[in-house]
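What's in run-v2.pdb: PDB, C-alpha atoms
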```pdb
MODEL        1
ATOM      1  CA  LYS A 254      81.238  57.458  75.713
ATOM      2  CA  GLU A 255      83.487  57.044  78.714
ATOM      3  CA  SER A 256      86.570  57.521  76.520
ATOM      4  CA  GLU A 257      85.042  60.599  74.866
ATOM      5  CA  ALA A 258      84.303  62.119  78.295
ATOM      6  CA  SER A 259      87.846  61.349  79.374
ATOM      7  CA  LEU A 260      89.159  62.966  76.168
ATOM      8  CA  VAL A 261      87.172  66.163  76.822
ATOM      9  CA  GLN A 262      88.434  66.303  80.427
ATOM     10  CA  THR A 263      92.044  65.620  79.399
ATOM     11  CA  LYS A 264      91.896  68.363  76.758
ATOM     12  CA  ALA A 265      90.539  70.777  79.376
ATOM     13  CA  ASP A 266      93.295  69.748  81.814
ATOM     14  CA  LEU A 267      95.865  70.212  79.044
ATOM     15  CA  ALA A 268      94.614  73.732  78.301
ATOM     16  CA  THR A 269      94.715  74.622  82.008
ATOM     17  CA  ALA A 270      98.272  73.296  82.346
ATOM     18  CA  GLN A 271      99.374  75.296  79.301
ATOM     19  CA  THR A 272      97.782  78.460  80.696
ATOM     20  CA  ASP A 273      99.381  77.866  84.103
ATOM     21  CA  ARG A 274     102.794  77.270  82.516
ATOM     22  CA  ASP A 275     102.486  80.457  80.445
ATOM     23  CA  ALA A 276     101.523  82.393  83.593
ATOM     24  CA  ALA A 277     104.537  80.989  85.466
ATOM     25  CA  LYS A 278     106.873  81.922  82.609
ATOM     26  CA  THR A 279     105.384  85.428  82.505
ATOM     27  CA  ALA A 280     105.845  85.779  86.265
ATOM     28  CA  MET A 281     109.475  84.695  85.873
ATOM     29  CA  ALA A 282     110.084  87.236  83.111
ATOM     30  CA  GLU A 283     108.474  90.029  85.139
ATOM     31  CA  ALA A 284     110.474  89.091  88.238
ATOM     32  CA  THR A 285     113.683  89.066  86.214
ATOM     33  CA  SER A 286     112.936  92.489  84.766
ATOM     34  CA  MET A 287     112.170  93.888  88.216
ATOM     35  CA  ARG A 288     115.320  92.293  89.705
ATOM     36  CA  GLU A 289     117.441  93.823  86.938
ATOM     37  CA  LYS A 290     115.994  97.274  87.681
ATOM     38  CA  GLU A 291     116.556  96.811  91.424
ATOM     39  CA  ALA A 292     120.139  95.674  90.786
ATOM     40  CA  ALA A 293     120.824  98.724  88.607
ATOM     41  CA  THR A 294     119.374 101.042  91.246
ATOM     42  CA  PHE A 295     121.489  99.334  93.908
ATOM     43  CA  ALA A 296     124.648  99.612  91.799
ATOM     44  CA  ALA A 297     124.108 103.341  91.263
ATOM     45  CA  ALA A 298     123.356 103.964  94.947
ATOM     46  CA  LYS A 299     126.375 101.929  96.063
ATOM     47  CA  THR A 300     128.683 103.754  93.659
ATOM     48  CA  GLU A 301     127.429 107.111  94.932
ATOM     49  CA  ALA A 302     127.789 106.034  98.558
ATOM     50  CA  ASP A 303     131.327 104.740  97.947
ATOM     51  CA  THR A 304     132.275 108.035  96.248
ATOM     52  CA  ASN A 305     130.790 110.084  99.087
ATOM     53  CA  LEU A 306     132.495 108.002 101.756
ATOM     54  CA  ALA A 307     135.839 108.359  99.973
ATOM     55  CA  ALA A 308     135.378 112.145  99.812
ATOM     56  CA  LEU A 309     134.531 112.270 103.516
ATOM     57  CA  LYS A 310     137.588 110.187 104.368
ATOM     58  CA  LYS A 311     139.855 112.482 102.318
ATOM     59  CA  ALA A 312     138.348 115.604 103.861
ATOM     60  CA  THR A 313     138.712 114.268 107.373
ATOM     61  CA  ALA A 314     142.328 113.251 106.746
ATOM     62  CA  ALA A 315     143.121 116.652 105.196
ATOM     63  CA  ILE A 316     141.636 118.553 108.127
ATOM     64  CA  GLU A 317     143.410 116.379 110.666
ATOM     65  CA  LYS A 318     146.731 116.979 108.870
ATOM     66  CA  GLY A 319     146.054 120.708 108.644
ATOM     67  CA  THR A 320     146.014 120.615 104.841
ATOM     68  CA  GLY A 321     142.386 121.596 104.440
ATOM     69  CA  GLY A 322     143.246 124.327 101.938
ATOM     70  CA  ALA A 323     144.945 121.856  99.596
ATOM     71  CA  PHE A 324     142.003 119.479  99.926
ATOM     72  CA  LEU A 325     139.621 122.204  98.754
ATOM     73  CA  GLN A 326     141.291 122.109  95.322
ATOM     74  CA  THR A 327     140.476 118.414  94.778
ATOM     75  CA  SER A 328     137.526 116.754  93.080
ATOM     76  CA  SER A 329     136.723 115.104  96.411
ATOM     77  CA  ALA A 330     136.011 118.569  97.812
ATOM     78  CA  GLN A 331     133.438 119.093  95.076
ATOM     79  CA  VAL A 332     131.808 115.752  95.939
ATOM     80  CA  LEU A 333     131.782 116.764  99.596
ATOM     81  CA  LYS A 334     130.178 120.147  98.788
ATOM     82  CA  LYS A 335     127.352 118.412  96.949
ATOM     83  CA  LEU A 336     126.989 115.865  99.736
ATOM     84  CA  VAL A 337     126.745 118.575 102.387
ATOM     85  CA  VAL A 338     124.209 120.583 100.393
ATOM     86  CA  ASP A 339     122.062 117.491  99.717
ATOM     87  CA  SER A 340     122.382 115.966 103.197
ATOM     88  CA  GLU A 341     119.132 115.784 105.100
ATOM     89  CA  SER A 342     120.858 114.452 108.192
ATOM     90  CA  LEU A 343     122.890 117.609 108.892
ATOM     91  CA  SER A 344     121.604 120.349 111.130
ATOM     92  CA  ASP A 345     121.752 123.882 109.763
ATOM     93  CA  TYR A 346     124.556 124.680 112.220
ATOM     94  CA  ASN A 347     126.665 121.719 111.096
ATOM     95  CA  ARG A 348     125.962 122.538 107.457
ATOM     96  CA  GLU A 349     127.179 126.113 108.059
ATOM     97  CA  GLN A 350     130.331 124.863 109.791
ATOM     98  CA  ILE A 351     131.251 122.625 106.884
ATOM     99  CA  ALA A 352     130.244 125.252 104.328
ATOM    100  CA  SER A 353     132.579 127.659 106.095
ATOM    101  CA  PHE A 354     135.394 125.143 105.739
ATOM    102  CA  LEU A 355     134.541 124.435 102.105
ATOM    103  CA  SER A 356     134.576 128.126 101.237
ATOM    104  CA  GLN A 357     138.022 128.306 102.805
ATOM    105  CA  ASP A 358     136.830 130.712 105.447
ATOM    106  CA  ALA A 359     139.653 131.293 107.919
ATOM    107  CA  SER A 360     137.304 130.485 110.796
ATOM    108  CA  TYR A 361     137.400 126.796 109.959
ATOM    109  CA  GLU A 362     140.944 126.499 111.364
ATOM    110  CA  HIS A 363     139.812 126.838 114.967
ATOM    111  CA  ALA A 364     136.732 124.695 114.353
ATOM    112  CA  SER A 365     138.612 121.902 112.604
ATOM    113  CA  GLY A 366     138.008 119.482 115.486
ATOM    114  CA  GLN A 367     134.298 120.143 115.306
ATOM    115  CA  ILE A 368     134.268 119.820 111.511
ATOM    116  CA  THR A 369     136.182 116.554 111.712
ATOM    117  CA  GLY A 370     133.655 115.275 114.222
ATOM    118  CA  ILE A 371     130.743 116.246 111.983
ATOM    119  CA  LEU A 372     132.367 114.582 108.975
ATOM    120  CA  LYS A 373     133.121 111.415 110.943
ATOM    121  CA  GLN A 374     129.538 111.301 112.174
ATOM    122  CA  MET A 375     128.282 111.756 108.608
ATOM    123  CA  GLY A 376     130.624 108.968 107.531
ATOM    124  CA  ASP A 377     129.362 106.622 110.236
ATOM    125  CA  THR A 378     125.764 107.303 109.221
ATOM    126  CA  MET A 379     126.591 106.784 105.566
ATOM    127  CA  LYS A 380     128.448 103.519 106.307
ATOM    128  CA  ALA A 381     125.447 102.236 108.258
ATOM    129  CA  ASP A 382     123.130 103.247 105.415
ATOM    130  CA  LEU A 383     125.403 101.498 102.908
ATOM    131  CA  GLU A 384     125.501  98.329 105.014
ATOM    132  CA  ASP A 385     121.699  98.401 105.159
ATOM    133  CA  LEU A 386     121.532  98.929 101.394
ATOM    134  CA  VAL A 387     123.869  95.973 100.780
ATOM    135  CA  ALA A 388     121.891  93.758 103.179
ATOM    136  CA  LYS A 389     118.637  94.616 101.400
ATOM    137  CA  GLU A 390     120.245  93.837  98.039
ATOM    138  CA  GLU A 391     121.458  90.460  99.320
ATOM    139  CA  ASP A 392     117.950  89.690 100.637
ATOM    140  CA  ALA A 393     116.414  90.703  97.310
ATOM    141  CA  LYS A 394     118.845  88.455  95.408
ATOM    142  CA  LYS A 395     118.095  85.551  97.757
ATOM    143  CA  THR A 396     114.330  86.031  97.472
ATOM    144  CA  TYR A 397     114.605  86.270  93.686
ATOM    145  CA  GLY A 398     116.696  83.089  93.540
ATOM    146  CA  GLU A 399     114.215  81.194  95.686
ATOM    147  CA  MET A 400     111.259  82.409  93.625
ATOM    148  CA  MET A 401     112.978  81.525  90.351
ATOM    149  CA  ALA A 402     113.811  78.040  91.643
ATOM    150  CA  ALA A 403     110.189  77.500  92.668
ATOM    151  CA  LYS A 404     108.837  78.816  89.355
ATOM    152  CA  THR A 405     111.362  76.743  87.377
ATOM    153  CA  SER A 406     110.200  73.620  89.221
ATOM    154  CA  GLU A 407     106.603  74.593  88.553
ATOM    155  CA  VAL A 408     107.281  75.107  84.830
ATOM    156  CA  GLU A 409     109.105  71.770  84.621
ATOM    157  CA  ALA A 410     106.242  69.953  86.374
ATOM    158  CA  LEU A 411     103.662  71.644  84.159
ATOM    159  CA  THR A 412     105.692  70.835  81.028
ATOM    160  CA  LYS A 413     105.865  67.174  82.061
ATOM    161  CA  GLY A 414     102.118  67.200  82.721
ATOM    162  CA  ILE A 415     101.489  68.821  79.326
ATOM    163  CA  GLU A 416     103.562  66.162  77.599
ATOM    164  CA  GLU A 417     101.702  63.381  79.445
ATOM    165  CA  LYS A 418      98.292  64.912  78.689
ATOM    166  CA  THR A 419      99.215  65.397  75.019
ATOM    167  CA  VAL A 420     100.116  61.715  74.761
ATOM    168  CA  ARG A 421      96.899  60.820  76.632
ATOM    169  CA  VAL A 422      94.816  62.947  74.209
ATOM    170  CA  GLY A 423      96.440  61.143  71.256
ATOM    171  CA  ASP A 424      95.943  57.711  72.829
ATOM    172  CA  LEU A 425      92.304  58.485  73.656
ATOM    173  CA  GLY A 426      91.712  59.739  70.104
ATOM    174  CA  VAL A 427      93.100  56.513  68.659
ATOM    175  CA  SER A 428      91.164  54.414  71.170
ATOM    176  CA  ILE A 429      87.900  56.210  70.371
ATOM    177  CA  ALA A 430      88.458  55.766  66.634
ATOM    178  CA  GLN A 431      89.162  52.051  67.133
ATOM    179  CA  LEU A 432      86.091  51.616  69.344
ATOM    180  CA  LYS A 433      83.930  53.320  66.716
ATOM    181  CA  GLU A 434      85.322  50.992  64.030
ATOM    182  CA  ILE A 435      84.612  47.965  66.187
ATOM    183  CA  GLY A 436      81.082  49.290  66.803
ATOM    184  CA  ARG A 437      80.499  49.724  63.065
ATOM    185  CA  ALA A 438      81.831  46.263  62.358
ATOM    186  CA  HIS A 439      79.324  44.684  64.779
ATOM    187  CA  VAL A 440      76.368  46.498  63.331
TER     188      VAL A 440
ENDMDL
END
```
Step by step, read the file and then write its structure as structure tokens.
Amino acid sequence: KESEASLVQTKADLATAQTDRDAAKTAMAEATSMREKEAATFAAAKTEADTNLAALKKATAAIEKGTGGAFLQTSSAQVLKKLVVDSESLSDYNREQIASFLSQDASYEHASGQITGILKQMGDTMKADLEDLVAKEEDAKKTYGEMMAAKTSEVEALTKGIEEKTVRVGDLGVSIAQLKEIGRAHV
């Protein structure tokens, strides 16, 4: 009877360990899927930020050299136009100043110092935002790595426990069968 009770408990422990291992594996798969989505979002945001920063750098250099008109014919000017239109950090006045430059309005010539300053300020803000984005990505990768290491250890421990309990169930089954045979032989 003691062996039968132990067998029932071991089978219950085995089922719990299997359920826990499945849950850990599911959590790992979900975390991996989420990390992949976060990484893709980061990659897209970083690419956009790099493109925007390059356009700002080219625009600033062109204005400082007095070749703003030539810059307006480049693809970087188109990127800058979109950036200025979409920027939430620009005041209406600054947006108008840059829009004036981008539409090749003659008034930009005497405001080139101001435009350069606005563009440099936008660039500084964007660089800071990009650094923050990269730092958050690094933290997310670190957190993911730590979680995966912990879950992998958990799965390994549960797998070892499952193997041990499976052997124990088999041994108890054999032991119970032998004890029943011995009991029948004495009767």
Polymer residues at most 10 Å from (122.8, 99.1, 100.5) by only C-alpha atoms, as a list of chain:residue names: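 Output: A:Phe295, A:Ala296, A:Ala298, A:Lys299, A:Ala302, A:Met379, A:Lys380, A:Ala381, A:Asp382, A:Leu383, A:Glu384, A:Asp385, A:Leu386, A:Val387, A:Ala388, A:Lys389, A:Glu390, A:Glu391.
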Export C-alpha atoms of the chosen residues as a compact mmCIF listing (two decimals), in the frame of the given file?
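Listing of result.txt after writing:
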```
# COMPACT_ATOMS: atom_id res chain seq x y z
CA PHE A 295 121.49 99.33 93.91
CA ALA A 296 124.65 99.61 91.80
CA ALA A 298 123.36 103.96 94.95
CA LYS A 299 126.38 101.93 96.06
CA ALA A 302 127.79 106.03 98.56
CA MET A 379 126.59 106.78 105.57
CA LYS A 380 128.45 103.52 106.31
CA ALA A 381 125.45 102.24 108.26
CA ASP A 382 123.13 103.25 105.42
CA LEU A 383 125.40 101.50 102.91
CA GLU A 384 125.50 98.33 105.01
CA ASP A 385 121.70 98.40 105.16
CA LEU A 386 121.53 98.93 101.39
CA VAL A 387 123.87 95.97 100.78
CA ALA A 388 121.89 93.76 103.18
CA LYS A 389 118.64 94.62 101.40
CA GLU A 390 120.24 93.84 98.04
CA GLU A 391 121.46 90.46 99.32
```
Residues selected by the PyMOL selection byres ((chain A and resi 335) around 12), written as a VMD selection string: chain A and resid 301 304 to 305 308 to 309 328 to 334 336 to 341 348 351 to 352 355
Selection near Gln374 in chain A, 12 Å with only C-alpha atoms, sequence-local residues under 3 positions removed, as a VMD selection string: chain A and resid 306 309 to 310 313 342 to 343 347 367 to 371 377 to 381
Prev. selection, C-alpha atoms, output as a short mmCIF file (atom, residue, chain, number, x, y, z; two decimals), in the frame of the given file:
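Saved result, part_6.cif, follows:
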```cif
data_model
loop_
_atom_site.label_atom_id
_atom_site.label_comp_id
_atom_site.auth_asym_id
_atom_site.auth_seq_id
_atom_site.Cartn_x
_atom_site.Cartn_y
_atom_site.Cartn_z
CA LEU A 306 132.50 108.00 101.76
CA LEU A 309 134.53 112.27 103.52
CA LYS A 310 137.59 110.19 104.37
CA THR A 313 138.71 114.27 107.37
CA SER A 342 120.86 114.45 108.19
CA LEU A 343 122.89 117.61 108.89
CA ASN A 347 126.66 121.72 111.10
CA GLN A 367 134.30 120.14 115.31
CA ILE A 368 134.27 119.82 111.51
CA THR A 369 136.18 116.55 111.71
CA GLY A 370 133.66 115.28 114.22
CA ILE A 371 130.74 116.25 111.98
CA ASP A 377 129.36 106.62 110.24
CA THR A 378 125.76 107.30 109.22
CA MET A 379 126.59 106.78 105.57
CA LYS A 380 128.45 103.52 106.31
CA ALA A 381 125.45 102.24 108.26
#
```
Proximity to Asp392 in chain A - best of A:Ala292, A:Ala323, A:Ile435, A:Leu260, all atoms listed in the file: A:Ala292
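CA of Val422 in chain A is found 8.8 Å from CA of Ser259 in chain A.
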Selected residue of minimal separation from Met401 in chain A among A:Thr272, A:Thr285, A:Ser256, A:Gln262, counting all atoms listed in the file: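 Ranking A:Thr272, A:Thr285, A:Ser256, A:Gln262 by distance to Met401 in chain A, first place goes to A:Thr285.
Residue membership of the PyMOL selection byres ((chain A and resi 277) around 12) in the shown file amounts to Ala270, Gln271, Thr272, Asp273, Arg274, Asp275, Ala276, Lys278, Thr279, Ala280, Met281, Ala282, Glu283, Ala284, Met400, Met401, Ala402, Ala403, Lys404, Thr405, Ser406, Glu407, Val408, Glu409, Ala410, Leu411 and Thr412 of chain A.
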Keeping only C-alpha atoms, take the residues you just selected and write them out as a CSV table (one decimal), in the frame of the given file.
```csv
chain,number,residue,atom,x,y,z
A,270,ALA,CA,98.3,73.3,82.3
A,271,GLN,CA,99.4,75.3,79.3
A,272,THR,CA,97.8,78.5,80.7
A,273,ASP,CA,99.4,77.9,84.1
A,274,ARG,CA,102.8,77.3,82.5
A,275,ASP,CA,102.5,80.5,80.4
A,276,ALA,CA,101.5,82.4,83.6
A,278,LYS,CA,106.9,81.9,82.6
A,279,THR,CA,105.4,85.4,82.5
A,280,ALA,CA,105.8,85.8,86.3
A,281,MET,CA,109.5,84.7,85.9
A,282,ALA,CA,110.1,87.2,83.1
A,283,GLU,CA,108.5,90.0,85.1
A,284,ALA,CA,110.5,89.1,88.2
A,400,MET,CA,111.3,82.4,93.6
A,401,MET,CA,113.0,81.5,90.4
A,402,ALA,CA,113.8,78.0,91.6
A,403,ALA,CA,110.2,77.5,92.7
A,404,LYS,CA,108.8,78.8,89.4
A,405,THR,CA,111.4,76.7,87.4
A,406,SER,CA,110.2,73.6,89.2
A,407,GLU,CA,106.6,74.6,88.6
A,408,VAL,CA,107.3,75.1,84.8
A,409,GLU,CA,109.1,71.8,84.6
A,410,ALA,CA,106.2,70.0,86.4
A,411,LEU,CA,103.7,71.6,84.2
A,412,THR,CA,105.7,70.8,81.0
```
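One distance worth recording is that between CA of Leu267 in chain A and CA of Glu255 in chain A, which is 18.1 Å.
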Atomic separation - CA of Val261 in chain A relative to CA of Val427 in chain A, Å: 14.0 Å
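Checking A:Gly423, A:Gly398, A:Gly376, A:Gly366 one by one against Ala315 in chain A, counting all atoms listed in the file, you find the shortest gap at A:Gly366.
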Protein and nucleic acid residues near (84.6, 53.3, 71.6) (cut-off 12 Å, only C-alpha atoms) as a VMD selection string: chain A and resid 254 to 260 425 to 438
Selected residue, from A:Lys413, A:Lys311, A:His439, A:Lys394, that lies nearest to Glu289 in chain A when counting only C-alpha atoms: A:Lys394
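Nearest to Met375 in chain A of all the residues A:Ile415, A:Ala297, A:Ala265, A:Ala307 is A:Ala307, counting all atoms listed in the file.
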Can you sort out the box for range 417-436 of chain A, edges along x, y and z, all listed atoms in, 5 Å on every side, with centre and edge lengths in Å to one decimal, as AutoDock Vina command-line options?
```
--center_x 91.4 --center_y 56.7 --center_z 71.7 --size_x 30.6 --size_y 27.4 --size_z 25.4
```
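Closest approach to Ser365 in chain A from the set A:Ala268, A:Ala393, A:Ala314, A:Met287 is made by A:Ala314, with distances taken over all atoms listed in the file.
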